[in-house]
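Engineer: Structure: final.tsv, TSV, C-alpha atoms and all ligand atoms.
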chain	number	residue	atom	x	y	z
A	1	MET	CA	164.67	134.34	206.99
A	2	SER	CA	166.87	134.61	203.92
A	3	ALA	CA	166.02	133.19	200.53
A	4	GLN	CA	167.74	130.12	199.16
A	5	ALA	CA	170.53	130.36	196.63
A	6	HIS	CA	169.55	129.06	193.17
A	7	GLY	CA	171.95	130.22	190.46
A	8	ILE	CA	175.44	129.30	189.35
A	9	LEU	CA	176.99	131.83	191.75
A	10	ASP	CA	175.07	130.30	194.66
A	11	LEU	CA	174.32	133.75	196.13
A	12	ASP	CA	171.57	134.47	198.62
A	13	GLU	CA	168.70	135.81	196.52
A	14	ASP	CA	167.45	138.18	199.23
A	15	GLU	CA	170.89	139.75	199.47
A	16	LEU	CA	171.19	139.94	195.70
A	17	VAL	CA	167.89	141.73	195.10
A	18	ALA	CA	168.30	144.11	198.06
A	19	CYS	CA	170.02	146.66	195.80
A	20	VAL	CA	167.52	149.29	194.63
A	21	ALA	CA	170.05	150.80	192.19
A	22	CYS	CA	169.92	154.21	193.90
A	23	GLY	CA	173.59	154.90	193.15
A	24	LEU	CA	174.35	156.47	196.54
A	25	CYS	CA	177.35	154.13	196.87
A	26	LEU	CA	178.99	155.30	193.63
A	27	PRO	CA	181.01	158.23	195.06
A	28	HIS	CA	182.45	155.84	197.69
A	29	CYS	CA	183.71	153.34	195.14
A	30	PRO	CA	187.39	153.84	194.21
A	31	THR	CA	187.18	151.97	190.90
A	32	TYR	CA	184.14	153.99	189.82
A	33	ARG	CA	185.90	157.20	190.85
A	34	VAL	CA	188.93	156.49	188.67
A	35	THR	CA	187.14	154.95	185.66
A	36	GLY	CA	183.68	156.58	185.66
A	37	LEU	CA	182.34	153.26	184.35
A	38	GLU	CA	179.07	151.79	185.58
A	39	THR	CA	180.55	148.31	185.19
A	40	ALA	CA	183.30	149.31	187.64
A	41	SER	CA	180.75	150.47	190.24
A	42	PRO	CA	179.03	148.53	193.05
A	43	ARG	CA	175.65	148.95	191.33
A	44	GLY	CA	177.07	147.67	188.04
A	45	ARG	CA	178.75	144.71	189.72
A	46	ILE	CA	175.55	143.73	191.53
A	47	ALA	CA	173.64	144.00	188.22
A	48	ALA	CA	176.23	141.68	186.64
A	49	MET	CA	175.83	139.19	189.51
A	50	GLN	CA	172.04	139.33	189.12
A	51	ALA	CA	172.34	138.73	185.37
A	52	VAL	CA	174.47	135.63	185.91
A	53	ASP	CA	172.80	134.22	189.00
A	54	LEU	CA	169.14	135.02	188.28
A	55	HIS	CA	168.91	135.37	184.51
A	56	GLY	CA	171.39	132.83	183.15
A	57	ALA	CA	174.02	135.18	181.68
A	58	PRO	CA	177.35	133.41	181.09
A	59	LEU	CA	180.12	133.21	183.69
A	60	ASP	CA	182.59	134.50	181.12
A	61	ALA	CA	185.79	136.54	180.97
A	62	THR	CA	183.88	139.84	180.96
A	63	PHE	CA	182.06	138.93	184.16
A	64	GLU	CA	185.35	137.78	185.69
A	65	ARG	CA	186.97	141.12	184.86
A	66	TYR	CA	184.12	143.11	186.43
A	67	MET	CA	184.51	141.11	189.63
A	68	GLU	CA	188.31	141.10	189.70
A	69	GLU	CA	188.51	144.87	189.27
A	70	CYS	CA	186.73	145.31	192.62
A	71	VAL	CA	189.19	146.13	195.43
A	72	GLN	CA	186.79	144.58	197.98
A	73	CYS	CA	187.18	147.70	200.11
A	74	ARG	CA	183.48	147.65	201.09
A	75	GLY	CA	183.21	151.42	200.97
A	76	CYS	CA	179.95	150.82	199.09
A	77	GLU	CA	178.57	148.63	201.88
A	78	ALA	CA	179.19	151.32	204.49
A	79	ALA	CA	177.45	153.93	202.32
A	80	CYS	CA	174.44	151.84	201.25
A	81	PRO	CA	171.12	152.94	202.78
A	82	SER	CA	169.55	149.56	201.88
A	83	SER	CA	172.23	147.62	203.82
A	84	VAL	CA	173.23	145.51	200.82
A	85	PRO	CA	175.89	143.09	202.13
A	86	PHE	CA	178.21	143.71	199.21
A	87	GLY	CA	181.20	142.03	200.85
A	88	HIS	CA	179.41	138.70	201.22
A	89	LEU	CA	178.02	138.94	197.67
A	90	MET	CA	181.48	139.61	196.25
A	91	GLU	CA	183.04	136.80	198.29
A	92	GLY	CA	180.36	134.43	196.95
A	93	ALA	CA	180.93	135.57	193.36
A	94	ARG	CA	184.71	135.16	193.77
A	95	ALA	CA	184.25	131.68	195.23
A	96	ALA	CA	182.12	130.64	192.21
A	97	LEU	CA	184.68	132.15	189.84
A	98	ASP	CA	187.51	130.35	191.61
A	99	GLU	CA	185.69	127.05	191.18
A	100	HIS	CA	185.00	127.80	187.51
A	101	ARG	CA	188.47	129.01	186.55
A	102	ARG	CA	190.29	126.12	188.15
A	103	ARG	CA	189.30	124.36	184.95
A	104	THR	CA	189.77	127.22	182.49
A	105	ARG	CA	192.79	129.25	183.70
A	106	PRO	CA	196.23	128.86	182.08
A	107	TRP	CA	198.22	126.20	183.91
A	108	ALA	CA	201.02	128.64	184.83
A	109	ARG	CA	198.63	130.90	186.71
A	110	ARG	CA	196.94	127.93	188.39
A	111	ALA	CA	200.34	126.62	189.46
A	112	ALA	CA	201.36	130.03	190.84
A	113	GLU	CA	198.09	130.33	192.78
A	114	TRP	CA	198.44	126.78	194.13
A	115	LEU	CA	201.99	127.50	195.26
A	116	GLY	CA	201.09	130.78	196.91
A	117	TYR	CA	197.78	129.90	198.53
A	118	ARG	CA	198.19	126.18	199.24
A	119	VAL	CA	201.92	125.70	199.79
A	120	VAL	CA	203.59	128.90	201.04
A	121	LEU	CA	201.04	130.93	203.03
A	122	PRO	CA	199.91	127.98	205.22
A	123	ARG	CA	203.56	127.21	206.14
A	124	HIS	CA	205.10	130.16	207.90
A	125	TRP	CA	208.56	128.61	208.05
A	126	LEU	CA	208.52	128.35	204.25
A	127	LEU	CA	207.38	131.96	203.83
A	128	VAL	CA	210.20	133.09	206.13
A	129	ALA	CA	212.73	130.97	204.20
A	130	LEU	CA	211.57	132.49	200.90
A	131	SER	CA	211.72	135.95	202.48
A	132	TRP	CA	215.40	135.31	203.27
A	133	LEU	CA	216.00	134.55	199.59
A	134	LEU	CA	214.04	137.64	198.58
A	135	ALA	CA	215.98	139.84	201.01
A	136	LEU	CA	219.28	138.53	199.65
A	137	ALA	CA	218.08	139.05	196.07
A	138	GLN	CA	217.20	142.64	196.99
A	139	ARG	CA	220.76	143.17	198.22
A	140	VAL	CA	222.20	142.18	194.83
A	141	ARG	CA	219.52	144.12	192.93
A	142	LEU	CA	217.78	141.10	191.43
A	143	VAL	CA	214.30	142.27	192.45
A	144	PRO	CA	212.72	144.76	190.00
A	145	ALA	CA	211.84	148.05	191.74
A	146	ARG	CA	208.31	147.98	190.26
A	147	LEU	CA	207.36	144.93	192.36
A	148	PRO	CA	205.19	145.89	195.36
A	149	VAL	CA	207.67	144.48	197.90
A	150	PRO	CA	209.29	146.56	200.67
A	151	ARG	CA	212.97	146.22	201.49
A	152	ILE	CA	213.12	143.29	203.89
A	153	SER	CA	215.31	143.64	206.98
A	154	LEU	CA	217.76	140.74	207.37
A	155	ARG	CA	218.39	141.79	210.98
A	156	SER	CA	214.69	141.55	211.77
A	157	LEU	CA	214.27	138.24	209.93
A	158	ALA	CA	217.11	136.78	212.00
A	159	ARG	CA	215.34	137.59	215.29
A	160	PRO	CA	212.13	135.60	215.82
A	161	LEU	CA	209.34	137.36	217.68
A	162	ARG	CA	209.30	136.30	221.34
A	163	THR	CA	207.54	137.69	224.40
A	164	GLY	CA	208.48	135.10	227.03
A	165	VAL	CA	204.83	134.67	228.04
A	166	PRO	CA	203.37	131.18	227.47
A	167	GLY	CA	200.22	131.42	225.39
A	168	GLU	CA	198.11	129.38	227.80
A	169	SER	CA	198.70	131.83	230.68
A	170	ALA	CA	198.60	135.07	228.66
A	171	ASP	CA	196.14	137.86	229.48
A	172	ALA	CA	196.11	138.73	225.77
A	173	PHE	CA	197.46	137.21	222.57
A	174	LEU	CA	199.22	139.10	219.79
A	175	PHE	CA	198.56	137.46	216.40
A	176	PRO	CA	201.64	137.86	214.14
A	177	GLY	CA	200.12	136.57	210.87
A	178	CYS	CA	202.04	135.55	207.75
A	179	VAL	CA	203.47	138.25	205.46
A	180	MET	CA	203.53	140.89	208.19
A	181	ASP	CA	205.61	138.67	210.47
A	182	ALA	CA	208.07	137.98	207.67
A	183	TRP	CA	208.36	141.50	206.26
A	184	GLN	CA	207.37	143.88	209.08
A	185	ARG	CA	208.28	142.03	212.26
A	186	ASP	CA	209.68	145.18	213.86
A	187	THR	CA	206.12	146.51	213.98
A	188	HIS	CA	205.11	143.46	216.04
A	189	ARG	CA	208.03	144.19	218.36
A	190	ALA	CA	206.77	147.78	218.72
A	191	ALA	CA	203.26	146.43	219.43
A	192	VAL	CA	204.64	144.17	222.17
A	193	ARG	CA	206.46	147.14	223.79
A	194	VAL	CA	203.34	149.28	223.68
A	195	MET	CA	201.12	146.47	224.99
A	196	ALA	CA	203.54	145.88	227.89
A	197	ALA	CA	203.45	149.62	228.70
A	198	ALA	CA	199.65	149.58	228.66
A	199	GLY	CA	199.08	146.40	230.65
A	200	PRO	CA	199.94	142.75	230.14
A	201	LEU	CA	202.84	141.47	228.11
A	202	PRO	CA	201.09	139.45	225.38
A	203	GLY	CA	201.51	135.78	224.63
A	204	LEU	CA	201.95	134.42	221.10
A	205	PRO	CA	199.76	131.74	219.46
A	206	GLY	CA	200.73	128.08	219.51
A	207	ARG	CA	201.21	125.93	216.41
A	208	GLY	CA	198.86	126.49	213.48
A	209	ALA	CA	198.60	130.29	213.45
A	210	ASP	CA	200.50	130.51	210.15
A	211	CYS	CA	197.93	132.59	208.25
A	212	CYS	CA	194.43	133.94	208.98
A	213	GLY	CA	193.12	133.16	205.49
A	214	ALA	CA	192.14	136.74	204.57
A	215	LEU	CA	193.95	136.58	201.22
A	216	HIS	CA	192.27	133.24	200.48
A	217	THR	CA	188.80	134.63	201.21
A	218	HIS	CA	189.50	137.63	198.96
A	219	ALA	CA	190.53	135.28	196.16
A	220	GLY	CA	187.40	133.14	196.57
A	221	ARG	CA	189.31	130.16	198.04
A	222	VAL	CA	186.79	129.64	200.80
A	223	ASP	CA	187.68	126.02	201.62
A	224	ASP	CA	191.34	127.01	202.08
A	225	ALA	CA	190.28	129.97	204.25
A	226	ARG	CA	188.16	127.66	206.42
A	227	ARG	CA	191.02	125.22	206.92
A	228	LEU	CA	193.34	128.03	208.00
A	229	ALA	CA	190.69	129.56	210.27
A	230	ARG	CA	190.24	126.26	212.14
A	231	ARG	CA	193.98	126.05	212.76
A	232	VAL	CA	194.15	129.67	213.94
A	233	ILE	CA	191.26	129.08	216.37
A	234	ALA	CA	193.00	126.01	217.82
A	235	SER	CA	196.26	127.95	218.26
A	236	MET	CA	194.77	130.42	220.77
A	237	PRO	CA	192.62	128.54	223.30
A	238	GLY	CA	190.93	130.13	226.32
A	239	ASP	CA	189.15	133.44	226.47
A	240	ALA	CA	191.96	136.02	226.44
A	241	PRO	CA	191.55	138.85	223.92
A	242	ILE	CA	193.28	138.35	220.58
A	243	VAL	CA	195.02	141.53	219.49
A	244	VAL	CA	195.66	141.91	215.77
A	245	ASP	CA	197.86	144.69	214.40
A	246	SER	CA	196.94	144.09	210.76
A	247	ALA	CA	193.51	145.54	209.90
A	248	GLY	CA	192.95	143.05	207.07
A	249	CYS	CA	193.72	140.02	209.25
A	250	GLY	CA	191.62	141.39	212.11
A	251	ALA	CA	188.63	141.88	209.79
A	252	ALA	CA	188.93	138.31	208.50
A	253	MET	CA	189.24	136.87	212.01
A	254	LYS	CA	186.23	138.85	213.26
A	255	ASP	CA	184.29	137.17	210.44
A	256	TYR	CA	185.20	133.58	211.41
A	257	GLY	CA	181.69	133.05	212.82
A	258	HIS	CA	180.23	133.68	209.38
A	259	LEU	CA	183.02	131.80	207.59
A	260	LEU	CA	182.73	128.60	209.66
A	261	GLY	CA	179.14	128.90	210.92
A	262	THR	CA	179.86	127.34	214.34
A	263	PRO	CA	179.32	128.73	217.88
A	264	GLU	CA	183.03	128.12	218.64
A	265	ALA	CA	184.10	130.23	215.67
A	266	ALA	CA	181.66	132.98	216.64
A	267	ALA	CA	183.01	132.96	220.22
A	268	PHE	CA	186.58	133.17	218.93
A	269	ALA	CA	185.65	136.05	216.59
A	270	GLY	CA	184.19	137.89	219.59
A	271	ARG	CA	187.65	137.88	221.25
A	272	VAL	CA	189.40	139.53	218.29
A	273	GLN	CA	190.32	143.23	218.60
A	274	ASP	CA	192.34	145.58	216.48
A	275	PHE	CA	195.54	146.77	218.20
A	276	SER	CA	194.25	150.36	218.65
A	277	GLU	CA	190.83	149.15	219.74
A	278	TRP	CA	192.41	147.00	222.48
A	279	LEU	CA	194.80	149.79	223.48
A	280	GLU	CA	191.96	152.29	223.84
A	281	SER	CA	190.22	149.89	226.23
A	282	GLN	CA	193.34	149.77	228.46
A	283	GLY	CA	193.23	153.45	229.42
A	284	SER	CA	196.03	156.00	229.12
A	285	LEU	CA	199.51	155.14	227.88
A	286	PRO	CA	202.70	156.80	229.27
A	287	VAL	CA	203.67	158.71	226.12
A	288	ARG	CA	205.19	162.15	225.58
A	289	ALA	CA	203.77	164.74	223.19
A	290	THR	CA	206.08	164.69	220.17
A	291	GLY	CA	204.62	167.79	218.50
A	292	ARG	CA	204.66	165.96	215.16
A	293	ALA	CA	201.77	165.86	212.71
A	294	VAL	CA	200.38	162.50	211.59
A	295	VAL	CA	197.91	162.16	208.74
A	296	VAL	CA	195.67	159.19	209.56
A	297	GLN	CA	194.93	156.81	206.69
A	298	ASP	CA	191.97	154.55	207.45
A	299	PRO	CA	192.44	151.04	206.04
A	300	CYS	CA	189.08	149.97	204.57
A	301	HIS	CA	189.04	146.81	206.66
A	302	LEU	CA	189.40	148.90	209.80
A	303	ARG	CA	186.95	151.63	208.81
A	304	HIS	CA	184.23	149.86	206.83
A	305	VAL	CA	184.47	146.27	208.09
A	306	GLN	CA	185.71	146.44	211.70
A	307	LYS	CA	184.29	149.96	212.17
A	308	ALA	CA	187.16	150.65	214.58
A	309	ALA	CA	189.07	153.43	212.82
A	310	GLY	CA	188.23	155.98	215.53
A	311	ALA	CA	190.43	154.16	218.04
A	312	VAL	CA	193.57	154.97	216.03
A	313	ARG	CA	192.97	158.69	216.52
A	314	VAL	CA	192.21	158.24	220.23
A	315	VAL	CA	195.42	156.33	221.00
A	316	LEU	CA	197.65	158.57	218.86
A	317	ALA	CA	196.22	161.88	220.10
A	318	PRO	CA	198.27	162.18	223.34
A	319	ALA	CA	201.51	161.87	221.35
A	320	TYR	CA	200.77	163.30	217.89
A	321	ASP	CA	198.80	166.02	216.17
A	322	THR	CA	196.46	163.79	214.14
A	323	VAL	CA	195.03	165.11	210.87
A	324	ASP	CA	192.24	163.60	208.71
A	325	THR	CA	192.04	163.48	204.94
A	326	ASP	CA	189.10	165.11	203.14
A	327	ASP	CA	188.21	162.09	200.96
A	328	ASP	CA	185.78	160.42	203.35
A	329	GLY	CA	188.02	157.39	203.81
A	330	LEU	CA	188.26	156.43	200.14
A	331	CYS	CA	190.33	153.27	199.56
A	332	CYS	CA	194.07	153.57	198.77
A	333	GLY	CA	194.03	150.69	196.24
A	334	ALA	CA	196.17	148.16	198.13
A	335	GLY	CA	193.41	145.57	198.69
A	336	GLY	CA	195.29	142.39	199.70
A	337	ALA	CA	196.91	141.20	196.49
A	338	TYR	CA	194.98	143.76	194.38
A	339	ASN	CA	197.98	146.03	193.75
A	340	ALA	CA	199.86	143.05	192.31
A	341	LEU	CA	196.92	141.71	190.24
A	342	GLN	CA	195.51	145.07	189.03
A	343	PRO	CA	198.59	147.32	189.08
A	344	GLU	CA	197.22	150.09	186.86
A	345	LEU	CA	193.93	150.55	188.66
A	346	ALA	CA	195.69	150.26	192.02
A	347	ALA	CA	198.15	153.01	191.02
A	348	ASP	CA	195.35	155.32	189.78
A	349	ILE	CA	193.43	154.83	193.02
A	350	ARG	CA	196.58	155.43	195.05
A	351	ASP	CA	197.28	158.70	193.21
A	352	ARG	CA	194.01	160.10	194.57
A	353	LYS	CA	194.81	158.94	198.08
A	354	VAL	CA	198.32	160.40	197.96
A	355	ALA	CA	196.89	163.74	196.80
A	356	ALA	CA	194.39	163.68	199.70
A	357	ILE	CA	197.19	162.90	202.18
A	358	ARG	CA	199.35	165.73	200.84
A	359	ARG	CA	196.40	168.15	201.10
A	360	ALA	CA	195.86	167.06	204.71
A	361	ALA	CA	199.54	167.50	205.53
A	362	GLY	CA	199.38	171.06	204.18
A	363	GLY	CA	202.78	172.70	204.30
A	364	ARG	CA	204.18	170.32	206.95
A	365	ALA	CA	206.96	168.60	205.08
A	366	ASP	CA	207.78	166.33	208.04
A	367	ALA	CA	204.21	165.01	208.42
A	368	LEU	CA	204.02	161.26	208.89
A	369	VAL	CA	201.23	158.95	207.74
A	370	ALA	CA	199.66	156.42	210.11
A	371	SER	CA	198.29	153.20	208.63
A	372	ALA	CA	197.07	150.21	210.63
A	373	ASN	CA	197.28	147.79	207.72
A	374	PRO	CA	200.58	146.44	206.34
A	375	GLY	CA	199.27	146.19	202.76
A	376	CYS	CA	198.14	149.84	202.71
A	377	ALA	CA	201.41	150.92	204.35
A	378	MET	CA	203.54	149.16	201.70
A	379	HIS	CA	201.37	150.45	198.86
A	380	LEU	CA	201.54	154.07	200.04
A	381	ALA	CA	205.22	153.89	200.98
A	382	ALA	CA	205.95	152.81	197.40
A	383	ALA	CA	204.58	156.22	196.34
A	384	GLY	CA	207.16	157.98	198.50
A	385	LEU	CA	205.19	158.63	201.71
A	386	ASP	CA	206.65	158.08	205.18
A	387	VAL	CA	204.08	155.58	206.47
A	388	ARG	CA	204.20	154.11	209.98
A	389	HIS	CA	202.00	151.72	211.90
A	390	PRO	CA	200.30	153.23	215.01
A	391	ALA	CA	202.30	150.72	217.10
A	392	ASP	CA	205.59	152.06	215.69
A	393	LEU	CA	204.51	155.65	216.30
A	394	LEU	CA	203.47	154.92	219.88
A	395	ALA	CA	206.58	152.89	220.69
A	396	GLU	CA	208.65	155.88	219.57
A	397	ALA	CA	206.68	158.19	221.86
A	398	LEU	CA	206.79	155.97	224.96
A	399	ASP	CA	208.26	157.71	228.00
A	400	GLY	CA	211.71	156.31	228.69
A	501	LIG	S1	174.41	148.94	196.62
A	501	LIG	FE1	173.10	150.17	197.97
A	501	LIG	S2	173.75	152.30	197.63
A	501	LIG	FE2	174.57	151.07	195.92
A	501	LIG	S3	173.06	151.24	194.28
A	501	LIG	FE3	172.53	149.36	195.45
A	501	LIG	S4	171.06	150.04	197.03
A	501	LIG	FE4	172.03	151.92	196.21
A	502	LIG	S1	184.01	146.92	197.43
A	502	LIG	FE1	185.05	148.88	196.98
A	502	LIG	S2	185.81	148.65	194.85
A	502	LIG	FE2	184.30	147.00	195.19
A	502	LIG	S3	182.37	147.84	194.42
A	502	LIG	FE3	182.43	148.30	196.64
A	502	LIG	S4	183.34	150.35	196.82
A	502	LIG	FE4	183.77	149.58	194.72
Now, as a test, write the supplied structure out as structure tokens.
Ligand code: SF4
Ligand code: SF4
Structural biologist:
Amino acid sequence: MSAQAHGILDLDEDELVACVACGLCLPHCPTYRVTGLETASPRGRIAAMQAVDLHGAPLDATFERYMEECVQCRGCEAACPSSVPFGHLMEGARAALDEHRRRTRPWARRAAEWLGYRVVLPRHWLLVALSWLLALAQRVRLVPARLPVPRISLRSLARPLRTGVPGESADAFLFPGCVMDAWQRDTHRAAVRVMAAAGPLPGLPGRGADCCGALHTHAGRVDDARRLARRVIASMPGDAPIVVDSAGCGAAMKDYGHLLGTPEAAAFAGRVQDFSEWLESQGSLPVRATGRAVVVQDPCHLRHVQKAAGAVRVVLAPAYDTVDTDDDGLCCGAGGAYNALQPELAADIRDRKVAAIRRAAGGRADALVASANPGCAMHLAAAGLDVRHPADLLAEALDG
């Protein structure tokens, strides 16, 4: 049985003291690798949480910076021999910080966060409308190139995603999500084509599936994340598998049991599968061997949280020559909104990942990069790599 939470961060004391400070997680931490600072390491962050929660240190700007510099990749959690649940500790610390800074943050930032998290993300129609404006602004060069936003396709925005299968009679759902459906809808279309070639044509969720809440959880907005999770659960009734082609969304939805603490949420979470994970379970796909090399980038939420990164290689192998990087799955620095909030650290972390990808590609100038997470794909594409989702790669290799 776990210990009660006592301190200002409200963290589980058993989880908090489980760290034995061995340091085995340090090489797996991207922020430690680029800074060399103990305070930017998992061990240092846990020590800071212990100081605040157990020993009364202040919840000040320094503590906030230590927490905010964490990408929440959970590479440390996967490497920890003591099974310290770093992800849950960091989510708890972020939630306490969010509560605290609602009173202390500059009003402009609070207003921007309220608009983004409370107004736009929960209303998909509004996100799509704003994406139209953004796409038009891109056409007249009003969007600075340094912003981490891909070029949005007007043609794709104009064509809503449809499969023709009513959700209530579907053998599987495809969850489109928020930003991915607005900015990368063609990847959903590719996923639908591949799913139809593998088995059932998927159905789409009913009303309420606007956003899974992953970005809210990352930001410590747990109440908002819970509200969104309840709506997502209600939008996909029954027991059909829920296929998610965004690794970050899939990881958040697989954690709904923990987030909401109800048997219904746990049952729903048990139905969630990553796109490649589901595809692997369907057997072989009618694809041709393309002869092209693909360097596989493992999104942290697929590798460390969902532990389903192997499926990407299995489903791509009949069509592509898959190649691994030599960095043991180190994070690329995208991390939800991390590349927007911590642009310098995110760029330094990405530089390492890009170098690892180029080493893996060797001399093959036409090598592609596979990424199962839209955030990682956008972040790496901004560094000049040709990044595709496994669904796009497979749709291209389908026979006929
Ligand atoms: S988090 Fe785990 S691996 Fe890292 S220092 Fe603590 S006990 Fe060691
Ligand atoms: S979650 Fe990632 S960035 Fe944060 S401490 Fe762990 S390894 Fe480092």
Engineer: Around ligand LIG 501 (chain A), which protein and nucleic acid residues have at least one atom no more than 12 Å from it, if we count all atoms listed in the file? List them as an MDAnalysis selection string.
Structural biologist: chainID A and resid 15:29 32 38 41:47 50 74:87 89:90
Engineer: Would you kindly return, as a PyMOL selection string, each protein, DNA or RNA residue with an atom no farther than 9 Å from any atom of segment 112-129 of chain A, considering all atoms listed in the file and excluding same-chain residues fewer than 4 positions away?
Structural biologist: chain A and resi 107-108+133-134+157+177-179+181-183+208-213+215-216+221+224+228
Engineer: Between atom CA of Ser156 of chain A and atom CA of Arg185 of chain A, what distance in Å does the model show, to one decimal?
Structural biologist: 6.4 Å
Engineer: Between A:Ala346, A:Ala309, A:Leu316, A:Ala137, which residue has the minimum interatomic distance to ligand LIG 502 (chain A), considering all atoms listed in the file?
Structural biologist: A:Ala346
Engineer: Identify which of the residues A:Ala265, A:Gln138, A:Val149, A:Gly335 lies closest to ligand LIG 502 (chain A), counting all atoms listed in the file when measuring atom-to-atom distances.
Structural biologist: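 Ranked by minimum distance to ligand LIG 502 (chain A), first place goes to A:Gly335.
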Engineer: Between A:Gly291, A:Gly310, A:Gly238, A:Gly248, which one has atoms that come closest to Phe268 of chain A, using only C-alpha atoms?
Structural biologist: A:Gly238
Engineer: Calculate how many Å separate atom CA of Arg271 of chain A from atom CA of Ala234 of chain A, rounding to one decimal.
Structural biologist: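 Result for atom CA of Arg271 of chain A versus atom CA of Ala234 of chain A: 13.5 Å, one decimal.
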Engineer: Hey, can I get the axis-aligned box for segment 31-45 of chain A? All listed atoms, 5 Å padding on each side, centre and edge lengths in Å to one decimal, as lines of an AutoDock Vina configuration file.
Structural biologist:
center_x = 182.3
center_y = 151.0
center_z = 188.7
size_x = 23.3
size_y = 22.5
size_z = 18.7
Engineer: Residues within 12 Å of Glu99 of chain A, please, as a ChimeraX atom specification. Count all atoms listed in the file; anything in the same chain fewer than 6 positions from it doesn't count.
Structural biologist: /A:8-10,59,92-93,105,110,219-223
Engineer: At a cut-off of 6 Å, using all atoms listed in the file, what residues contact Ala269 of chain A? Leave out same-chain residues fewer than 3 positions from it and give the result as an NGL selection string.
Structural biologist: :A and (253-254 or 256 or 266 or 272)
Engineer: In terms of the shortest atom-to-atom distance over all atoms listed in the file, which of A:Glu91, A:Asp321, A:Asp12, A:Asp326 is closest to ligand LIG 502 (chain A)?
Structural biologist: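 The answer is A:Glu91, which sits nearest to ligand LIG 502 (chain A).
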Engineer: Find the spatial neighbours of Thr35 of chain A, counting only C-alpha atoms, within a cut-off of 10 Å - ignore same-chain residues fewer than 4 positions away - and output them as an NGL selection string.
Structural biologist: :A and (30-31 or 39-41 or 345 or 348-349)
Engineer: For ligand LIG 502 (chain A), which residue among A:Thr217, A:Arg151, A:Thr325, A:Tyr338 is the nearest when counting only C-alpha atoms and all ligand atoms?
Structural biologist: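 Ranking A:Thr217, A:Arg151, A:Thr325, A:Tyr338 by distance to ligand LIG 502 (chain A), first place goes to A:Tyr338.
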Engineer: Restricting the calculation to only C-alpha atoms and all ligand atoms: of A:Arg109, A:Arg358, A:His301, A:Arg388, which residue gets closest to ligand LIG 502 (chain A)?
Structural biologist: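 When distances to ligand LIG 502 (chain A) are compared using only C-alpha atoms and all ligand atoms, the smallest one comes from A:His301.
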Engineer: Considering only C-alpha atoms, return as a list in words whatever protein or nucleic-acid residues lie within 10 Å of Pro374 of chain A, sequence-local ones (same chain, fewer than 2 positions apart) excluded.
Structural biologist: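 Selected residues are Val179, Met180, Trp183, Gln184, Thr187, Asp245, Ser246, Ala247, Gly248, Cys249, Pro299, Ala334, Gly336, Ser371, Ala372, Cys376, Ala377, Met378, His379, Leu380, Val387, Arg388 and His389 of chain A.
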Engineer: To one decimal place in Å, what is the distance between atom S4 of ligand LIG 502 (chain A) and atom CA of Ala347 of chain A?
Structural biologist: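 If I compute the distance from atom S4 of ligand LIG 502 (chain A) to atom CA of Ala347 of chain A, I get 16.1 Å.
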Engineer: Is there a way to get, as a PDB file with C-alpha atoms, in the frame of the given file, all residues within 7 Å of the point (205.6, 149.0, 221.8) in file coordinates, counting only C-alpha atoms?
Structural biologist:
ATOM      1  CA  ARG A 189     208.030 144.190 218.360  1.00  0.00           C
ATOM      2  CA  ALA A 190     206.770 147.780 218.720  1.00  0.00           C
ATOM      3  CA  ALA A 191     203.260 146.430 219.430  1.00  0.00           C
ATOM      4  CA  VAL A 192     204.640 144.170 222.170  1.00  0.00           C
ATOM      5  CA  ARG A 193     206.460 147.140 223.790  1.00  0.00           C
ATOM      6  CA  VAL A 194     203.340 149.280 223.680  1.00  0.00           C
ATOM      7  CA  MET A 195     201.120 146.470 224.990  1.00  0.00           C
ATOM      8  CA  ALA A 391     202.300 150.720 217.100  1.00  0.00           C
ATOM      9  CA  ASP A 392     205.590 152.060 215.690  1.00  0.00           C
ATOM     10  CA  LEU A 394     203.470 154.920 219.880  1.00  0.00           C
ATOM     11  CA  ALA A 395     206.580 152.890 220.690  1.00  0.00           C
TER      12      ALA A 395
END
Engineer: Taking (190.5, 149.5, 198.5) in the file's coordinates, which residues come within 7 Å, counting all atoms listed in the file, written as a ChimeraX atom specification?
Structural biologist: /A:30,71-73,300,331-335
